[in-house]
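Peer 1: The structure under discussion is supplied below as structure tokens; questions concerning it will follow.
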Amino acid sequence: MASEEQLGSSPTSSSSFEVVDAVSEYEPVSHFWFYNKPVDGNAYWTPFSREDSQKLEETYKGGKETAKVVIATDGGRYDVLLGERMRYAVYWEEEITEVRRCSWFHKGEKDNKYIPYTEEFSAELEEAYKLAVMHDDWKKKLESPQRDVVLLHNPKLMVHYYPVGDIDEWGSTPAELGRPRTVKRGVETIGVEIFSGEPSQVDHLVFMVHGIGPACDLQFRSIIQCVRDFRFISLNLVQAHFKKAQEETQIGRVEFLPVDWHTALHADATGVDNDIRRITLPSISRLRHFTNETILDLFFYNSPTYCQTILDTVVKEMNGLYRLFRQRNPEFKGKVSVAGHSLGSLILFDLLTNQKPLAESSDETKFPEADAKYMDDTLTLHGVLQRLGLSDLSSLFEKEKIDKEALALCTEKDLKEMGIPLGPRKKILNYTKNHSIMQNECNQASLTCAEEATSSDNVNCEHFDVCIGQLNFHPDIFFSMGSPIGMFLTVRGLKRIDPHYRFPTCNGFLNIYHPFDPVAYRIEPMVVPSLEFGPMLIPHHKGRKRMHLELKEGFTRMSTDFKNNVLGSLRTAWQSFTKPPASAQAPQIEGPEADTGSDQQQNSPEVKVEPVSSPVKEDTPEINVGMLNAGQRFDYVLQEKPIESFNEYLFALQSHLCYWESEDTALLVLKEIYQTMGIALDQPLQ
């Protein structure tokens with residue numbers, strides 16, 4: 001209980017009361033984990049999802065030794081070495097990014113996003129903030145490691161100054177410093193959008209193969225970035241259109257993984273880029289470089305030599321990714337599908353037409369489980385080190401700029417000079433030795449298979465003039481987007497696809513295209529060449545047809561009705577008006593035929609009007625398009641956007657690259673996948 005002295009003196013008691021009250025108001029800052037994401041040559045700090053950040057924070061606060069702790073994030077596609085604060089890609093090669101535990105942020109006038117302070121300086125700021133709140137003593141001044149000045153005026157006003165010139169030994173005042181930067185405490189104050197996270201359950205796995213060139217869209221993004229967008233769109237669509245099934249935990253998510261073959265084709269191992277560069281003319285260099293990087297891929301695929309490289313790469317990538325995915329997700333029991341864009345769809349078509357069921361595959365090679373780690377060429381260097389139990393050496397190899405190719409050339413002396421102990425050295429040398437042996441055996445097998453294929457004269461749709469490898473899984477559905485399959489089959493001399501033909505190991509097939517895509521071709525007319533019929537229209541993801549298409553159809557119907565009814569009635573009236581009266585023709589007709597003719601003239605207007613409108617109500621007969629998609633239709637066309645309908649030539653190139661960001665395409669893929677699991681959309685799309 002307070003004494004009278006404590007309550008008597010106004011200044012003292014007031015100050016004491018304020019300190020006690022301020023102590024209760026202070027709350028420690030909440031930390032959130034970010035990673036440094038390079039975008040267009042600039043580094044942007046991007047927050048992890050709430051689920052991943054919580055996982056990292058709980059591990060950090062667990063009190064365990066975090067130097068060698070590896071945390072899987074982003075749905076298992078990235079690993080974070082907590083002790084080194086580094087983030088590594090699992091399924092593809094990507095630059096290693098820095099990870100940071102963030103609590104304080106700053107932003108200048110020209111910055112788009114807040115930048116987190118280092119963990120050490122954030123701790124200093126938090127300590128100064130804590131003392132200022134507890135003692136109500138603001139106007140705190142702190143210097144960062146770069147000699148910048150941070151002023152804490154009050155809880156809502158904190159600024160960061162960059163010095164204009166050198167700070168002398170007496171220090172600088174804010175007037176001598178540059179423009180202030182805004183300082184914020186806590187991630188909830190910076191207005192950044194944070195993703196909640198991904199479901200841990202994976203229902204289906206889809207491998208996506210790119211087309212020509214290293215860039216997959218008009219923003220010149222790689223296949224990795226485009227598939228990332230497609231994956232994000234699909235997650236949002238699952239939440240919007242399969243909400244009931246997701247709430248009942250019947251479904252989780254669909255995982256999409258990119259398959260890159262362009263890098264292997266244009267790598268130093270093939271030497272094709274150097275050969276092409278020597279014969280390239282020096283004029284219009286940028287256009288020629290673009291041609292060499294993209295359009296030449298079409299010619300490479302028609303070359304037996306480089307076609308073999310492309311096919312081998314795609315098969316090896318998908319088998320390696322599938323094996324790695326199963327290792328990291330042992331509980332996965334779903335199916336696998338494949339999707340290809342542009343030339344990638346043709347590559348997959350040729351692969352799938354030459355597959356054999358796994359039980360009957362004569363050339364399937366089973367390696368011992370102990371040697372499986374030496375066969376996976378899709379692993380990144382970090383993945384190799386992790387599999388060998390040497391994840392702590394990742395930063396050392398990154399510092400020395402050593403990738404998988406350089407690692408294969410390292411001798412024991414090189415590894416010793418890097419300071420690597422004897423045990424890890426032996427593991428690495430054993431890996432490179434066994435990997436080299438396995439690779440030579442695979443190359444020899446491919447050479448033998450190629451010789452056998454070349455000696456055969458039977459070349460048709462199902463037999464390619466190269467050795468086509470076998471996949472270690474049976475694809476459930478094959479999605480082609482903007483595909484030239486129909487054109488290539490026609491050029492190869494195939495005029496008609498047998499209605500009974502189906503892929504040996506794949507159950508479904510969908511040919512998705514934009515109506516203005518200059519590269520896309522239909523395939524259904526090759527199965528039913530005697531009929532003319534349109535493709536299936538893909539519904540809009542919001543459950544309606546685009547308004548400009550509805551208006552267009554409405555005007556077409558009105559025009560048809562006007563032509564059939566109004567013009568037909570006018571024509572009939574004109575014919576009746578121009579004919580002579582019945583009495584004038586009566587003398588020319590003898591006997592009872594006169595009455596019959598008169599009746600025909602009186603009834604003729606009604607007889608002529610009826611058959612004009614009746615065919616409009618006739619139903620279109622069901623079309624048999626063969627077994628490529630188990631008897632179902634497989635040509636699907638997207639609805640063009642209103643602005644695209646003004647000039648189809650202007651948007652032709654964009655139409656060929658639109659599939660990665662198309663919500664209608666993603667929803668159709670999800671609908672077909674979940675339909676095989678007995679899961680339907682919450683609301684059927686019209």
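Identifiers for the structure tokens are assigned positionally: chains receive A, B, ... in sequence, residues are indexed from 1 per chain, and ligands are indexed from 1 in the order shown.
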Write out as a ChimeraX atom specification all residues of segment 150-370 of chain A that DSSP puts in strand (DSSP E or B) for this structure's backbone.
Peer 2: /A:150-154,157-163,177-185,202-209,253-259,335-341
Peer 1: With distances taken over only C-alpha atoms, which residue among A:Leu381, A:Leu415, A:Val192, A:Ile279 lies nearest Ser395 of chain A?
Peer 2: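 Under the stated criterion, the closest residue is A:Leu381.
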Peer 1: Determine, counting only C-alpha atoms, which protein, DNA and RNA residues have an atom within 10 Å of an atom of segment 86-89 of chain A; residues of the same chain fewer than 4 positions away are not included. Present the result as a ChimeraX atom specification.
Peer 2: /A:35-36,70-74,76-82,93-100,379-383,394-395
Peer 1: Output C-alpha atoms for every residue in that selection, as a CSV table (one decimal), in the first residue's frame.
Peer 2:
```
chain,number,residue,atom,x,y,z
A,35,TYR,CA,15.2,-13.5,-47.5
A,36,ASN,CA,17.1,-11.4,-50.0
A,70,VAL,CA,18.3,-27.4,-42.2
A,71,ILE,CA,14.7,-26.2,-42.4
A,72,ALA,CA,12.6,-26.9,-45.5
A,73,THR,CA,10.6,-23.9,-46.6
A,74,ASP,CA,8.3,-22.8,-49.5
A,76,GLY,CA,9.9,-28.0,-49.6
A,77,ARG,CA,11.3,-26.3,-52.6
A,78,TYR,CA,14.0,-24.4,-50.6
A,79,ASP,CA,16.2,-25.3,-47.7
A,80,VAL,CA,17.4,-22.8,-45.1
A,81,LEU,CA,20.7,-23.4,-43.3
A,82,LEU,CA,19.8,-21.6,-40.1
A,93,GLU,CA,20.1,-24.3,-59.8
A,94,GLU,CA,19.6,-20.8,-58.3
A,95,GLU,CA,21.8,-18.2,-56.6
A,96,ILE,CA,22.1,-18.7,-52.9
A,97,THR,CA,20.2,-15.9,-51.0
A,98,GLU,CA,20.8,-14.4,-47.6
A,99,VAL,CA,18.3,-15.0,-44.7
A,100,ARG,CA,17.7,-12.5,-41.9
A,379,LEU,CA,20.7,-32.3,-57.7
A,380,THR,CA,22.2,-28.9,-57.1
A,381,LEU,CA,25.6,-28.7,-55.5
A,382,HIS,CA,23.9,-28.0,-52.2
A,383,GLY,CA,21.7,-31.0,-52.7
A,394,SER,CA,28.1,-25.3,-48.9
A,395,SER,CA,29.3,-21.8,-47.9
```
Peer 1: Choose the residue, out of A:Ala267, A:Val159, A:Val69, A:Ser30, that has the smallest atom-to-atom separation from Cys102 of chain A; count only C-alpha atoms.
Peer 2: A:Ser30
Peer 1: Pick from A:Asp137, A:Ser122, A:Phe48, A:Lys107: nearest to Arg179 of chain A, with only C-alpha atoms counted?
Peer 2: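 Once distances to Arg179 of chain A are computed over only C-alpha atoms, the minimum belongs to A:Lys107.
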Peer 1: For Lys413 of chain A, work out the shell of residues within 12 Å, counting only C-alpha atoms and skipping chain neighbours fewer than 4 positions away, then give it as a list in words.
Peer 2: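 Surrounding residues, per the criterion: Leu409, Glu417, Met418, Gly419, Ile420, Pro421, Leu422, Arg425, Lys426 and Leu429 of chain A.
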Peer 1: Calculated over only C-alpha atoms, which of the candidates A:His106, A:Lys404, A:Met318, A:Gln386 has the smallest distance to Pro424 of chain A?
Peer 2: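 For Pro424 of chain A, the nearest of the candidates is A:Gln386.
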Peer 1: Restricting the calculation to only C-alpha atoms: of A:Arg253, A:Arg231, A:Lys130, A:Lys184, which residue gets closest to Val150 of chain A?
Peer 2: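 Of the candidates, the smallest distance to Val150 of chain A is held by A:Lys184.
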Peer 1: Between A:Ala43, A:Ala132, A:Gly334, A:Arg277, which is the closest to Thr676 of chain A once you count only C-alpha atoms?
Peer 2: A:Gly334
